[in-house]
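This is upload33.cif (mmCIF, C-alpha atoms).
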```
data_protein
#
loop_
_atom_site.label_atom_id
_atom_site.label_comp_id
_atom_site.auth_asym_id
_atom_site.auth_seq_id
_atom_site.Cartn_x
_atom_site.Cartn_y
_atom_site.Cartn_z
CA MET A 1 19.96 -31.96 -19.44
CA ILE A 2 17.31 -33.52 -21.62
CA PRO A 3 14.64 -35.74 -20.07
CA PRO A 4 14.39 -39.38 -21.15
CA ALA A 5 12.09 -40.03 -24.11
CA PHE A 6 8.35 -40.06 -23.47
CA ASP A 7 5.06 -39.60 -25.26
CA TYR A 8 3.07 -36.46 -24.65
CA ALA A 9 -0.66 -35.79 -24.71
CA SER A 10 -2.52 -32.59 -24.04
CA PRO A 11 -6.18 -33.37 -23.26
CA THR A 12 -8.70 -30.56 -22.89
CA THR A 13 -11.13 -32.21 -20.48
CA VAL A 14 -10.75 -34.04 -17.19
CA ASN A 15 -12.46 -37.10 -18.67
CA GLU A 16 -10.01 -37.28 -21.57
CA ALA A 17 -7.13 -36.95 -19.12
CA LEU A 18 -8.59 -39.71 -16.93
CA ALA A 19 -8.97 -42.00 -19.96
CA LEU A 20 -5.32 -41.46 -20.92
CA LEU A 21 -4.20 -42.24 -17.38
CA GLY A 22 -6.41 -45.33 -17.32
CA GLN A 23 -4.91 -46.64 -20.55
CA ASN A 24 -1.32 -46.00 -19.55
CA PRO A 25 -0.13 -47.41 -16.24
CA ASP A 26 3.21 -45.64 -16.70
CA ALA A 27 1.75 -42.18 -17.29
CA LYS A 28 2.33 -39.11 -15.13
CA ILE A 29 0.27 -35.96 -14.88
CA LEU A 30 2.09 -32.80 -15.96
CA ALA A 31 0.71 -29.81 -14.03
CA GLY A 32 3.11 -26.90 -13.43
CA GLY A 33 5.91 -29.38 -14.08
CA HIS A 34 8.43 -27.54 -11.95
CA SER A 35 9.06 -30.59 -9.76
CA LEU A 36 8.40 -33.26 -12.39
CA LEU A 37 10.57 -31.96 -15.25
CA PRO A 38 13.67 -31.48 -13.04
CA MET A 39 13.09 -35.00 -11.66
CA MET A 40 12.92 -36.35 -15.20
CA LYS A 41 16.14 -34.58 -16.14
CA PHE A 42 17.83 -36.27 -13.17
CA ARG A 43 16.27 -39.62 -14.16
CA LEU A 44 14.44 -39.76 -10.83
CA ALA A 45 11.28 -40.16 -12.89
CA SER A 46 10.91 -41.55 -16.40
CA PRO A 47 7.23 -41.87 -17.25
CA ALA A 48 6.27 -43.36 -20.62
CA LEU A 49 3.58 -40.73 -21.12
CA LEU A 50 3.06 -37.21 -19.86
CA VAL A 51 -0.59 -36.20 -19.61
CA ASP A 52 -0.36 -32.40 -19.70
CA ILE A 53 -3.42 -30.95 -17.94
CA ASN A 54 -2.49 -27.31 -18.57
CA LYS A 55 -5.02 -27.09 -21.38
CA VAL A 56 -7.86 -28.67 -19.42
CA ASP A 57 -10.48 -25.96 -18.97
CA GLY A 58 -12.03 -25.11 -15.64
CA LEU A 59 -9.30 -26.19 -13.22
CA ALA A 60 -8.01 -22.71 -12.31
CA TYR A 61 -10.16 -20.57 -10.00
CA ILE A 62 -10.36 -19.14 -6.50
CA LYS A 63 -13.89 -18.63 -5.19
CA GLU A 64 -15.98 -18.76 -2.05
CA GLU A 65 -18.93 -21.10 -2.32
CA GLY A 66 -21.06 -23.09 0.09
CA GLY A 67 -18.94 -22.42 3.17
CA TRP A 68 -15.62 -23.14 1.46
CA LEU A 69 -12.85 -21.31 -0.29
CA LYS A 70 -12.52 -23.45 -3.40
CA ILE A 71 -9.25 -23.44 -5.31
CA GLY A 72 -8.93 -25.17 -8.65
CA ALA A 73 -5.98 -27.55 -8.61
CA MET A 74 -4.33 -25.84 -11.60
CA THR A 75 -4.41 -22.40 -9.99
CA ARG A 76 -0.92 -20.91 -10.23
CA GLU A 77 0.86 -19.72 -7.12
CA SER A 78 1.21 -16.29 -8.73
CA GLU A 79 -2.58 -16.11 -9.05
CA VAL A 80 -3.00 -16.99 -5.38
CA ASP A 81 -0.41 -14.34 -4.58
CA ARG A 82 -2.33 -11.72 -6.60
CA SER A 83 -5.79 -12.65 -5.31
CA ALA A 84 -7.44 -9.81 -3.36
CA LEU A 85 -9.82 -12.32 -1.76
CA VAL A 86 -6.93 -14.42 -0.47
CA LYS A 87 -5.02 -11.37 0.74
CA GLN A 88 -8.02 -10.06 2.60
CA LYS A 89 -9.43 -13.18 4.22
CA TYR A 90 -6.88 -15.99 4.01
CA PRO A 91 -3.57 -14.56 5.22
CA LEU A 92 -2.10 -18.00 5.97
CA LEU A 93 -2.61 -18.98 2.32
CA ALA A 94 -1.34 -15.59 1.12
CA ASP A 95 1.81 -15.96 3.24
CA THR A 96 2.40 -19.42 1.81
CA ALA A 97 1.95 -18.61 -1.89
CA ARG A 98 4.39 -15.73 -1.50
CA VAL A 99 7.31 -17.88 -0.36
CA ILE A 100 7.01 -20.89 -2.65
CA ALA A 101 10.11 -21.22 -4.84
CA ASP A 102 10.65 -17.88 -6.62
CA PRO A 103 8.45 -15.44 -8.56
CA ILE A 104 9.23 -16.99 -11.96
CA VAL A 105 8.52 -20.53 -10.81
CA ARG A 106 5.28 -19.31 -9.21
CA ASN A 107 4.02 -18.37 -12.68
CA TRP A 108 3.78 -22.08 -13.47
CA ALA A 109 3.70 -23.90 -10.12
CA THR A 110 0.21 -24.96 -9.10
CA VAL A 111 -1.50 -25.40 -5.75
CA GLY A 112 -2.68 -28.88 -6.73
CA GLY A 113 0.76 -29.97 -7.88
CA ASN A 114 2.36 -28.71 -4.69
CA LEU A 115 0.00 -30.97 -2.71
CA ALA A 116 -0.19 -34.02 -4.99
CA HIS A 117 3.60 -34.23 -5.24
CA ALA A 118 3.55 -34.70 -1.43
CA ASP A 119 7.10 -33.56 -0.98
CA PRO A 120 7.53 -32.93 2.77
CA ALA A 121 9.55 -29.85 1.78
CA ASN A 122 6.64 -28.32 -0.15
CA ASP A 123 4.82 -25.47 1.53
CA HIS A 124 1.09 -25.96 0.90
CA PRO A 125 0.85 -29.27 2.76
CA ALA A 126 1.52 -27.71 6.19
CA THR A 127 -0.81 -24.84 5.37
CA MET A 128 -3.63 -27.12 4.30
CA LEU A 129 -3.09 -29.27 7.41
CA ALA A 130 -3.43 -26.15 9.55
CA TYR A 131 -6.59 -25.13 7.69
CA GLY A 132 -8.10 -28.61 7.88
CA ALA A 133 -8.61 -28.55 4.10
CA ARG A 134 -10.40 -31.15 1.99
CA LEU A 135 -9.22 -32.31 -1.41
CA VAL A 136 -11.42 -33.32 -4.32
CA ALA A 137 -10.16 -36.00 -6.69
CA ALA A 138 -11.79 -37.00 -9.97
CA GLY A 139 -11.60 -40.64 -11.06
CA PRO A 140 -13.31 -42.92 -13.54
CA GLY A 141 -16.22 -43.45 -11.13
CA GLY A 142 -16.76 -39.76 -10.34
CA THR A 143 -15.28 -37.55 -7.64
CA ARG A 144 -14.40 -38.18 -4.02
CA GLU A 145 -13.25 -36.01 -1.14
CA ILE A 146 -10.17 -36.72 0.89
CA ALA A 147 -9.50 -35.08 4.26
CA ILE A 148 -6.07 -33.47 4.28
CA GLY A 149 -5.20 -35.42 7.43
CA ASP A 150 -5.47 -38.64 5.41
CA PHE A 151 -3.52 -37.35 2.41
CA PHE A 152 0.17 -37.51 3.27
CA VAL A 153 0.62 -41.20 3.88
CA GLY A 154 4.38 -41.30 3.23
CA PRO A 155 7.16 -39.39 1.52
CA PHE A 156 5.88 -38.42 -1.94
CA THR A 157 2.95 -40.75 -1.35
CA THR A 158 -0.77 -39.96 -1.27
CA PRO A 159 -3.96 -42.01 -1.48
CA LEU A 160 -4.57 -40.72 -5.03
CA GLU A 161 -4.92 -43.64 -7.39
CA HIS A 162 -3.02 -43.74 -10.65
CA ASN A 163 -6.20 -42.96 -12.56
CA GLU A 164 -7.30 -40.08 -10.35
CA ILE A 165 -6.65 -36.34 -10.73
CA LEU A 166 -6.70 -33.85 -7.89
CA THR A 167 -9.13 -31.17 -9.09
CA GLU A 168 -9.99 -28.92 -6.17
CA ILE A 169 -8.79 -27.83 -2.74
CA ARG A 170 -11.39 -26.71 -0.20
CA ILE A 171 -10.51 -24.54 2.75
CA PRO A 172 -13.18 -23.73 5.37
CA ALA A 173 -14.49 -20.27 4.46
CA HIS A 174 -13.25 -17.35 6.53
CA LYS A 175 -15.32 -16.50 9.57
CA ALA A 176 -15.01 -13.77 12.19
CA GLY A 177 -12.11 -14.39 14.54
CA ASP A 178 -10.05 -16.40 12.04
CA GLY A 179 -6.37 -15.65 11.76
CA GLY A 180 -3.32 -17.46 10.47
CA ALA A 181 0.28 -17.12 9.40
CA TYR A 182 3.00 -19.07 7.59
CA LEU A 183 6.59 -18.47 8.54
CA LYS A 184 9.46 -20.05 6.66
CA ILE A 185 13.19 -19.95 7.13
CA GLU A 186 15.06 -20.62 3.91
CA ARG A 187 18.73 -20.14 3.14
CA LYS A 188 17.86 -18.19 0.02
CA VAL A 189 14.87 -17.53 -2.20
CA GLY A 190 14.04 -20.69 -4.10
CA ASP A 191 15.51 -23.09 -1.56
CA TYR A 192 13.34 -25.51 0.35
CA ALA A 193 12.49 -24.56 3.91
CA THR A 194 15.04 -25.29 6.60
CA ALA A 195 11.82 -25.35 8.59
CA ALA A 196 8.45 -23.64 8.25
CA VAL A 197 5.33 -23.45 10.38
CA ALA A 198 1.69 -22.87 9.40
CA VAL A 199 -0.77 -21.74 12.05
CA GLN A 200 -4.51 -21.17 11.76
CA ILE A 201 -6.64 -20.21 14.76
CA ASN A 202 -10.05 -18.87 15.59
CA VAL A 203 -10.63 -16.63 18.60
CA ASP A 204 -13.93 -15.51 20.10
CA SER A 205 -14.80 -11.94 21.09
CA LYS A 206 -13.11 -12.43 24.47
CA GLY A 207 -9.87 -13.58 22.88
CA ARG A 208 -10.38 -17.24 23.74
CA CYS A 209 -9.02 -19.74 21.26
CA MET A 210 -11.91 -21.74 19.76
CA SER A 211 -9.94 -23.82 17.26
CA ALA A 212 -6.36 -24.25 16.15
CA GLY A 213 -4.37 -26.06 13.52
CA ILE A 214 -0.59 -26.26 13.19
CA GLY A 215 1.36 -27.78 10.31
CA LEU A 216 5.12 -28.20 9.89
CA THR A 217 7.17 -28.14 6.68
CA ASN A 218 10.34 -30.15 5.95
CA VAL A 219 10.98 -31.46 9.43
CA GLY A 220 9.99 -35.07 8.81
CA LEU A 221 9.38 -37.66 6.13
CA THR A 222 5.92 -36.22 5.58
CA PRO A 223 4.33 -32.87 6.32
CA ILE A 224 3.41 -32.95 10.02
CA ARG A 225 0.22 -31.92 11.76
CA THR A 226 0.68 -31.38 15.48
CA ALA A 227 -2.63 -32.14 17.13
CA LYS A 228 -1.05 -31.96 20.58
CA ALA A 229 0.30 -28.45 20.11
CA ALA A 230 -2.99 -27.27 18.63
CA GLY A 231 -4.95 -28.96 21.43
CA LEU A 232 -3.04 -27.02 24.07
CA LEU A 233 -4.22 -23.76 22.51
CA VAL A 234 -7.93 -24.53 22.27
CA GLY A 235 -9.85 -23.08 25.22
CA SER A 236 -6.91 -20.93 26.29
CA SER A 237 -6.61 -17.18 26.09
CA LEU A 238 -3.45 -17.68 24.04
CA ASP A 239 -1.40 -16.29 26.90
CA ASP A 240 2.39 -16.43 26.77
CA ALA A 241 2.66 -19.59 28.87
CA THR A 242 0.22 -21.50 26.66
CA VAL A 243 1.88 -20.29 23.47
CA LYS A 244 5.23 -21.39 24.87
CA ALA A 245 3.86 -24.83 25.75
CA ALA A 246 2.36 -25.20 22.27
CA ALA A 247 5.61 -24.13 20.63
CA ASN A 248 7.47 -26.73 22.69
CA ALA A 249 4.94 -29.38 21.70
CA ALA A 250 5.34 -28.45 18.02
CA ALA A 251 9.13 -28.75 18.34
CA GLU A 252 8.69 -32.19 19.93
CA ALA A 253 6.39 -33.27 17.11
CA ALA A 254 9.05 -32.39 14.53
CA GLU A 255 11.17 -35.29 13.31
CA PRO A 256 13.91 -33.49 11.42
CA SER A 257 17.07 -35.03 10.09
CA ALA A 258 20.40 -33.25 9.99
CA ASP A 259 21.55 -32.06 6.59
CA ASN A 260 23.36 -29.10 5.07
CA ARG A 261 20.51 -26.86 6.22
CA GLY A 262 21.17 -27.60 9.87
CA SER A 263 21.22 -30.06 12.75
CA GLU A 264 18.18 -31.74 14.26
CA ASP A 265 18.41 -29.49 17.31
CA TYR A 266 18.63 -26.38 15.18
CA LYS A 267 15.58 -27.33 13.16
CA ARG A 268 13.57 -28.14 16.30
CA SER A 269 14.61 -24.81 17.70
CA LEU A 270 13.42 -23.14 14.50
CA VAL A 271 10.05 -24.87 14.81
CA ARG A 272 9.73 -23.61 18.39
CA THR A 273 10.57 -20.03 17.45
CA LEU A 274 8.51 -19.97 14.24
CA THR A 275 5.48 -21.43 16.02
CA THR A 276 5.69 -18.72 18.67
CA ARG A 277 6.01 -15.96 16.09
CA ALA A 278 3.34 -17.38 13.78
CA LEU A 279 0.91 -17.62 16.69
CA LYS A 280 1.58 -14.02 17.63
CA THR A 281 0.86 -12.87 14.08
CA ALA A 282 -2.18 -15.16 13.81
CA VAL A 283 -3.65 -13.68 17.01
CA GLU A 284 -3.11 -10.12 15.75
CA ARG A 285 -4.78 -10.99 12.46
CA ALA A 286 -7.65 -12.82 14.17
CA LYS A 287 -8.36 -9.81 16.36
CA ALA A 288 -8.16 -7.45 13.40
CA GLY A 289 -11.00 -9.29 11.69
CA MET B 1 8.52 -40.87 -28.42
CA SER B 2 5.81 -38.66 -29.85
CA THR B 3 6.59 -35.74 -32.14
CA HIS B 4 4.40 -32.67 -32.27
CA HIS B 5 3.88 -29.86 -34.73
CA ILE B 6 3.94 -26.55 -32.88
CA LYS B 7 3.18 -23.03 -34.03
CA LEU B 8 4.04 -20.03 -31.97
CA THR B 9 4.95 -16.37 -32.17
CA ILE B 10 8.41 -15.35 -31.07
CA ASN B 11 9.35 -11.67 -30.89
CA GLY B 12 6.42 -10.95 -33.16
CA GLN B 13 7.46 -13.48 -35.82
CA ALA B 14 5.54 -16.65 -36.55
CA ALA B 15 7.50 -19.88 -36.14
CA GLU B 16 6.55 -23.52 -36.55
CA ALA B 17 8.36 -26.81 -36.34
CA ASP B 18 8.06 -30.50 -35.53
CA VAL B 19 9.47 -31.14 -32.06
CA PRO B 20 10.04 -34.36 -30.16
CA ALA B 21 8.06 -34.33 -26.91
CA ARG B 22 11.17 -34.12 -24.76
CA THR B 23 12.61 -31.01 -26.41
CA LEU B 24 12.92 -28.29 -23.82
CA LEU B 25 11.74 -24.84 -24.80
CA VAL B 26 15.20 -23.36 -24.20
CA HIS B 27 16.76 -25.83 -26.66
CA PHE B 28 14.06 -25.09 -29.21
CA ILE B 29 14.74 -21.36 -28.89
CA ARG B 30 18.52 -21.67 -29.04
CA ASP B 31 19.07 -24.60 -31.38
CA THR B 32 16.07 -24.59 -33.71
CA LEU B 33 15.36 -20.87 -33.87
CA SER B 34 19.02 -19.86 -33.40
CA LEU B 35 18.10 -17.22 -30.82
CA THR B 36 21.06 -17.67 -28.52
CA GLY B 37 20.42 -14.65 -26.32
CA THR B 38 18.48 -16.97 -24.03
CA HIS B 39 21.11 -18.66 -21.87
CA ILE B 40 21.27 -22.01 -20.14
CA GLY B 41 22.70 -21.61 -16.67
CA CYS B 42 21.90 -24.08 -13.92
CA ASP B 43 19.50 -26.16 -16.04
CA THR B 44 17.60 -26.94 -12.81
CA THR B 45 15.06 -24.10 -12.49
CA SER B 46 17.16 -22.13 -10.04
CA CYS B 47 19.14 -19.40 -11.77
CA GLY B 48 16.75 -17.72 -14.20
CA ALA B 49 19.32 -17.25 -17.00
CA CYS B 50 16.89 -18.96 -19.39
CA THR B 51 13.96 -16.67 -18.52
CA VAL B 52 11.69 -15.73 -21.42
CA LEU B 53 8.23 -14.20 -21.44
CA ILE B 54 5.39 -16.53 -22.36
CA ASN B 55 2.22 -14.54 -22.98
CA GLY B 56 3.87 -11.85 -20.90
CA ARG B 57 4.76 -13.94 -17.88
CA PRO B 58 8.36 -14.76 -17.01
CA THR B 59 9.10 -18.45 -17.42
CA LYS B 60 12.24 -20.52 -16.92
CA SER B 61 12.48 -22.05 -20.37
CA CYS B 62 14.68 -24.93 -19.16
CA THR B 63 11.66 -26.23 -17.28
CA LEU B 64 9.06 -26.11 -19.99
CA LEU B 65 8.67 -28.42 -22.96
CA ALA B 66 8.66 -26.77 -26.36
CA VAL B 67 5.36 -28.53 -27.08
CA GLN B 68 3.84 -26.75 -24.08
CA ALA B 69 4.52 -23.42 -25.79
CA ASP B 70 2.34 -24.35 -28.77
CA GLY B 71 0.17 -21.32 -29.56
CA ALA B 72 2.07 -19.02 -27.20
CA GLU B 73 3.53 -15.58 -27.70
CA ILE B 74 7.14 -15.61 -26.61
CA THR B 75 9.49 -12.71 -26.03
CA THR B 76 13.21 -13.29 -25.73
CA VAL B 77 15.95 -10.72 -25.23
CA GLU B 78 16.22 -10.36 -29.01
CA GLY B 79 12.69 -8.95 -28.99
CA LEU B 80 13.38 -6.07 -26.60
CA ALA B 81 15.04 -3.55 -28.93
CA GLN B 82 12.68 -2.08 -31.51
CA GLY B 83 13.78 -0.45 -34.76
CA GLY B 84 17.40 -0.32 -33.70
CA GLN B 85 16.47 1.49 -30.46
CA LEU B 86 17.38 -0.15 -27.18
CA HIS B 87 14.49 -0.90 -24.82
CA ALA B 88 14.52 1.29 -21.71
CA ILE B 89 15.62 -1.68 -19.62
CA GLN B 90 18.56 -2.36 -21.93
CA GLU B 91 19.52 1.29 -21.76
CA GLY B 92 19.24 1.09 -17.97
CA PHE B 93 21.60 -1.90 -17.72
CA HIS B 94 24.01 -0.09 -20.06
CA GLN B 95 23.89 3.27 -18.29
CA CYS B 96 23.97 1.91 -14.72
CA HIS B 97 26.59 -0.78 -15.29
CA GLY B 98 24.04 -3.47 -14.52
CA LEU B 99 26.23 -6.21 -15.91
CA GLN B 100 29.78 -7.49 -15.97
CA CYS B 101 29.81 -10.88 -17.68
CA GLY B 102 26.26 -10.50 -18.99
CA PHE B 103 25.28 -14.13 -18.59
CA CYS B 104 22.27 -13.47 -16.36
CA THR B 105 21.36 -10.22 -18.11
CA PRO B 106 18.79 -11.43 -20.68
CA GLY B 107 16.79 -13.17 -17.96
CA MET B 108 17.19 -10.22 -15.60
CA MET B 109 15.89 -7.82 -18.23
CA LEU B 110 12.89 -9.95 -19.16
CA SER B 111 11.89 -10.37 -15.51
CA SER B 112 12.32 -6.61 -15.10
CA VAL B 113 10.12 -5.85 -18.10
CA ALA B 114 7.34 -8.03 -16.67
CA LEU B 115 7.79 -6.45 -13.23
CA LEU B 116 7.55 -2.91 -14.62
CA LYS B 117 4.47 -3.77 -16.62
CA GLU B 118 2.69 -4.88 -13.46
CA ASN B 119 4.25 -2.26 -11.18
CA PRO B 120 5.52 0.77 -13.14
CA SER B 121 7.24 2.41 -10.17
CA PRO B 122 8.47 -0.32 -7.85
CA SER B 123 10.36 0.36 -4.63
CA GLU B 124 13.84 -1.07 -4.20
CA ASP B 125 12.37 -3.89 -2.10
CA GLU B 126 9.81 -4.66 -4.78
CA ILE B 127 12.53 -4.77 -7.43
CA ARG B 128 14.64 -7.14 -5.34
CA TRP B 129 11.57 -9.28 -4.66
CA GLY B 130 10.54 -9.25 -8.31
CA LEU B 131 14.01 -10.33 -9.46
CA SER B 132 14.54 -12.90 -6.72
CA GLY B 133 14.17 -15.75 -9.23
CA ASN B 134 17.16 -14.48 -11.23
CA LEU B 135 20.64 -15.01 -9.89
CA CYS B 136 23.67 -12.87 -10.69
CA ARG B 137 27.06 -14.22 -9.68
CA CYS B 138 29.32 -11.31 -10.59
CA THR B 139 27.83 -7.85 -10.84
CA GLY B 140 25.96 -7.94 -7.57
CA TYR B 141 22.47 -6.63 -7.38
CA VAL B 142 23.02 -2.97 -6.51
CA ASN B 143 23.54 -1.80 -10.07
CA ILE B 144 20.87 -4.14 -11.37
CA VAL B 145 18.37 -2.44 -9.06
CA LYS B 146 19.60 0.94 -10.32
CA ALA B 147 19.13 -0.22 -13.92
CA VAL B 148 15.53 -1.16 -13.22
CA GLN B 149 14.93 2.17 -11.49
CA TYR B 150 16.42 3.94 -14.52
CA ALA B 151 14.07 2.06 -16.84
CA ALA B 152 11.08 2.74 -14.59
CA GLU B 153 11.76 6.47 -14.72
CA LYS B 154 12.41 6.48 -18.43
CA MET B 155 9.25 4.47 -19.20
CA GLN B 156 7.13 6.84 -17.09
CA ALA B 157 8.59 9.98 -18.65
#
```
As structure tokens:
Amino acid sequence: MIPPAFDYASPTTVNEALALLGQNPDAKILAGGHSLLPMMKFRLASPALLVDINKVDGLAYIKEEGGWLKIGAMTRESEVDRSALVKQKYPLLADTARVIADPIVRNWATVGGNLAHADPANDHPATMLAYGARLVAAGPGGTREIAIGDFFVGPFTTPLEHNEILTEIRIPAHKAGDGGAYLKIERKVGDYATAAVAVQINVDSKGRCMSAGIGLTNVGLTPIRTAKAAGLLVGSSLDDATVKAAANAAAEAAEPSADNRGSEDYKRSLVRTLTTRALKTAVERAKAG
Amino acid sequence: MSTHHIKLTINGQAAEADVPARTLLVHFIRDTLSLTGTHIGCDTTSCGACTVLINGRPTKSCTLLAVQADGAEITTVEGLAQGGQLHAIQEGFHQCHGLQCGFCTPGMMLSSVALLKENPSPSEDEIRWGLSGNLCRCTGYVNIVKAVQYAAEKMQA
């Protein structure tokens, strides 16, 4: 399949890319391209211009700075997967990067693209919801920050303007007592999640839960953050009864639809089980450091 | 539609051409450069039959534009054998019966080469994980894993 005809530009700076977007209302940003190009082949997208940002310098990095883990939007999933820093301190993110698509796709797929595409089946959205991440977007008037909770406004829809580019993802820097996990059930490598759950918690020295975030993948029209489930955990000792109640609340927050991956009940049941298991792993990791 | 002049290196040879923006890399490799060892399977980024190495990293060439490969170093299956000698991975697939129909084999071998470069003695699990973006529909994976183990041993010897 060959995509419909389009013009192509390969700017080397964010400003050049922004100017191209500003001049062309029917332009699309080409990041990793592993969602966009298949969509173009299927004629689900037919932009007049592709603004390829792969040659823009300075958009691929993973670093801790000023209380944040900062990830450049063009950072490849394979780079996240290989990062010693991520492995050591951000296990929820490490879990996530490892199960996105397949190893070949991860050589091109980007963290920013996974978020900006806002596919409810993508994996980073739930993870970033659990982390309480912030996103930095560059536009003609400078940059602005968007809280992840305000980002997924509808299926494939974000508050990013046509002439804005997502440039950075900020995750609160690791602190003592942090732990997280991402668990995904997929029919096979490369398939979208039947359901997946991201959990990030912080526990104090007595094992009390100080904060919690839970995000759900592919069980609704958008990625879902379950404030109720997370709220049940905070202040608790993460005992079995509380974990069970939170897992039930997460399953209730899911709004899955039946498809060839399973029924609504099955997917809710998966959310319940995955939340329980992810919390168990998150607690172990939090206590280990 | 815009047309672009691209220059790249493929299997150590320089190549250049004018390509329309929408030309996929796999079509450029097969149709313009006549290197038909790179196969088109699913055409939807799933099967890995079209895998080539771009600057050493496995890439599904059905999901990249040729213009995006401007300046890149590409290795296709034709670039594995050197001086009439099979690459260790090719020998492994041959010796261990790692293929029946052979359709997935070029992609499998290129992913394997990249895997072995990063991890010269992978465990069976690591091989299966490393090749999980390449699908085989006839041989099954047991002999493919053996072929990679054969190559790993040979390359370390």
- I need the residue set behind the PyMOL selection byres ((chain A) within 7 of (chain B)) for this file; please write it as a PyMOL selection string. chain A and resi 1-3+5-8+34+37-38+102-105+107+189-190
Residues from the last selection, C-alpha atoms, saved as a PDB file, in the frame of the given file:
```
ATOM      1  CA  MET A   1      19.960 -31.960 -19.440  1.00  0.00           C
ATOM      2  CA  ILE A   2      17.310 -33.520 -21.620  1.00  0.00           C
ATOM      3  CA  PRO A   3      14.640 -35.740 -20.070  1.00  0.00           C
ATOM      4  CA  ALA A   5      12.090 -40.030 -24.110  1.00  0.00           C
ATOM      5  CA  PHE A   6       8.350 -40.060 -23.470  1.00  0.00           C
ATOM      6  CA  ASP A   7       5.060 -39.600 -25.260  1.00  0.00           C
ATOM      7  CA  TYR A   8       3.070 -36.460 -24.650  1.00  0.00           C
ATOM      8  CA  HIS A  34       8.430 -27.540 -11.950  1.00  0.00           C
ATOM      9  CA  LEU A  37      10.570 -31.960 -15.250  1.00  0.00           C
ATOM     10  CA  PRO A  38      13.670 -31.480 -13.040  1.00  0.00           C
ATOM     11  CA  ASP A 102      10.650 -17.880  -6.620  1.00  0.00           C
ATOM     12  CA  PRO A 103       8.450 -15.440  -8.560  1.00  0.00           C
ATOM     13  CA  ILE A 104       9.230 -16.990 -11.960  1.00  0.00           C
ATOM     14  CA  VAL A 105       8.520 -20.530 -10.810  1.00  0.00           C
ATOM     15  CA  ASN A 107       4.020 -18.370 -12.680  1.00  0.00           C
ATOM     16  CA  VAL A 189      14.870 -17.530  -2.200  1.00  0.00           C
ATOM     17  CA  GLY A 190      14.040 -20.690  -4.100  1.00  0.00           C
TER      18      GLY A 190
END
```
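Residues matched by the PyMOL selection byres ((chain A and resi 85-91) around 9) in this file are A:Ile62, A:Lys63, A:Glu64, A:Val80, A:Asp81, A:Arg82, A:Ser83, A:Ala84, A:Leu92, A:Leu93, A:Ala94, A:Asp95, A:Thr96, A:Ala173, A:His174, A:Lys175, A:Asp178, A:Gly179, A:Gly180, A:Ala181, A:Tyr182, A:Ala282, A:Arg285, A:Gly289.
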- Query: What does the PyMOL selection byres ((chain A and resi 112) around 7) select in this file, as JSON, numbers by chain?
  - Reply: {"A": [73, 74, 110, 111, 113, 114, 115, 116, 166]}
- Query: Could you name the residues that touch Pro172 of chain A at 10 Å or less, counting all atoms listed in the file, but leaving out those on the same chain fewer than 2 positions away, as JSON, numbers by chain?
  - Reply: {"A": [64, 65, 66, 67, 68, 69, 70, 131, 132, 133, 134, 170, 174, 175]}
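Atom CA of His162 of chain A to atom CA of Ser61 of chain B spans 28.4 Å [interatomic distance, one decimal].
As for atom CA of Ala114 of chain B and atom CA of Gly56 of chain B, they are spaced 6.7 Å apart.
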- Message: Please report the interatomic distance between atom CA of Gly235 of chain A and atom CA of Ala126 of chain A in Å with one decimal.
- Response: 22.6 Å
Please put the answer as AutoDock Vina command-line options: centre and edge lengths, in Å with one decimal, of a box along x, y and z that encloses all listed atoms of segment 24-27 of chain A plus 5 Å on each side.
```
--center_x 0.9 --center_y -44.8 --center_z -17.9 --size_x 14.5 --size_y 15.2 --size_z 13.3
```
- Task: Find the residues around Ser236 of chain A up to 8 Å (all atoms listed in the file counted), leave out those fewer than 5 positions away in its own chain, and share them as a ChimeraX atom specification.
- Result: /A:208-209,242
Taking C-alpha atoms for each residue, export the selection above as a short mmCIF file (atom, residue, chain, number, x, y, z; two decimals), in the frame of the given file.
```
data_model
loop_
_atom_site.label_atom_id
_atom_site.label_comp_id
_atom_site.auth_asym_id
_atom_site.auth_seq_id
_atom_site.Cartn_x
_atom_site.Cartn_y
_atom_site.Cartn_z
CA ARG A 208 -10.38 -17.24 23.74
CA CYS A 209 -9.02 -19.74 21.26
CA THR A 242 0.22 -21.50 26.66
#
```
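Restricting the calculation to all atoms listed in the file, the smallest distance between Asn122 of chain A and any of A:Lys184, A:Lys244, A:Lys287, A:Lys267 is found for A:Lys184.
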- Option closest in space to Arg268 of chain A, from A:Ile201, A:Met128, A:Thr222, A:Thr194 [counting all atoms listed in the file]: A:Thr194
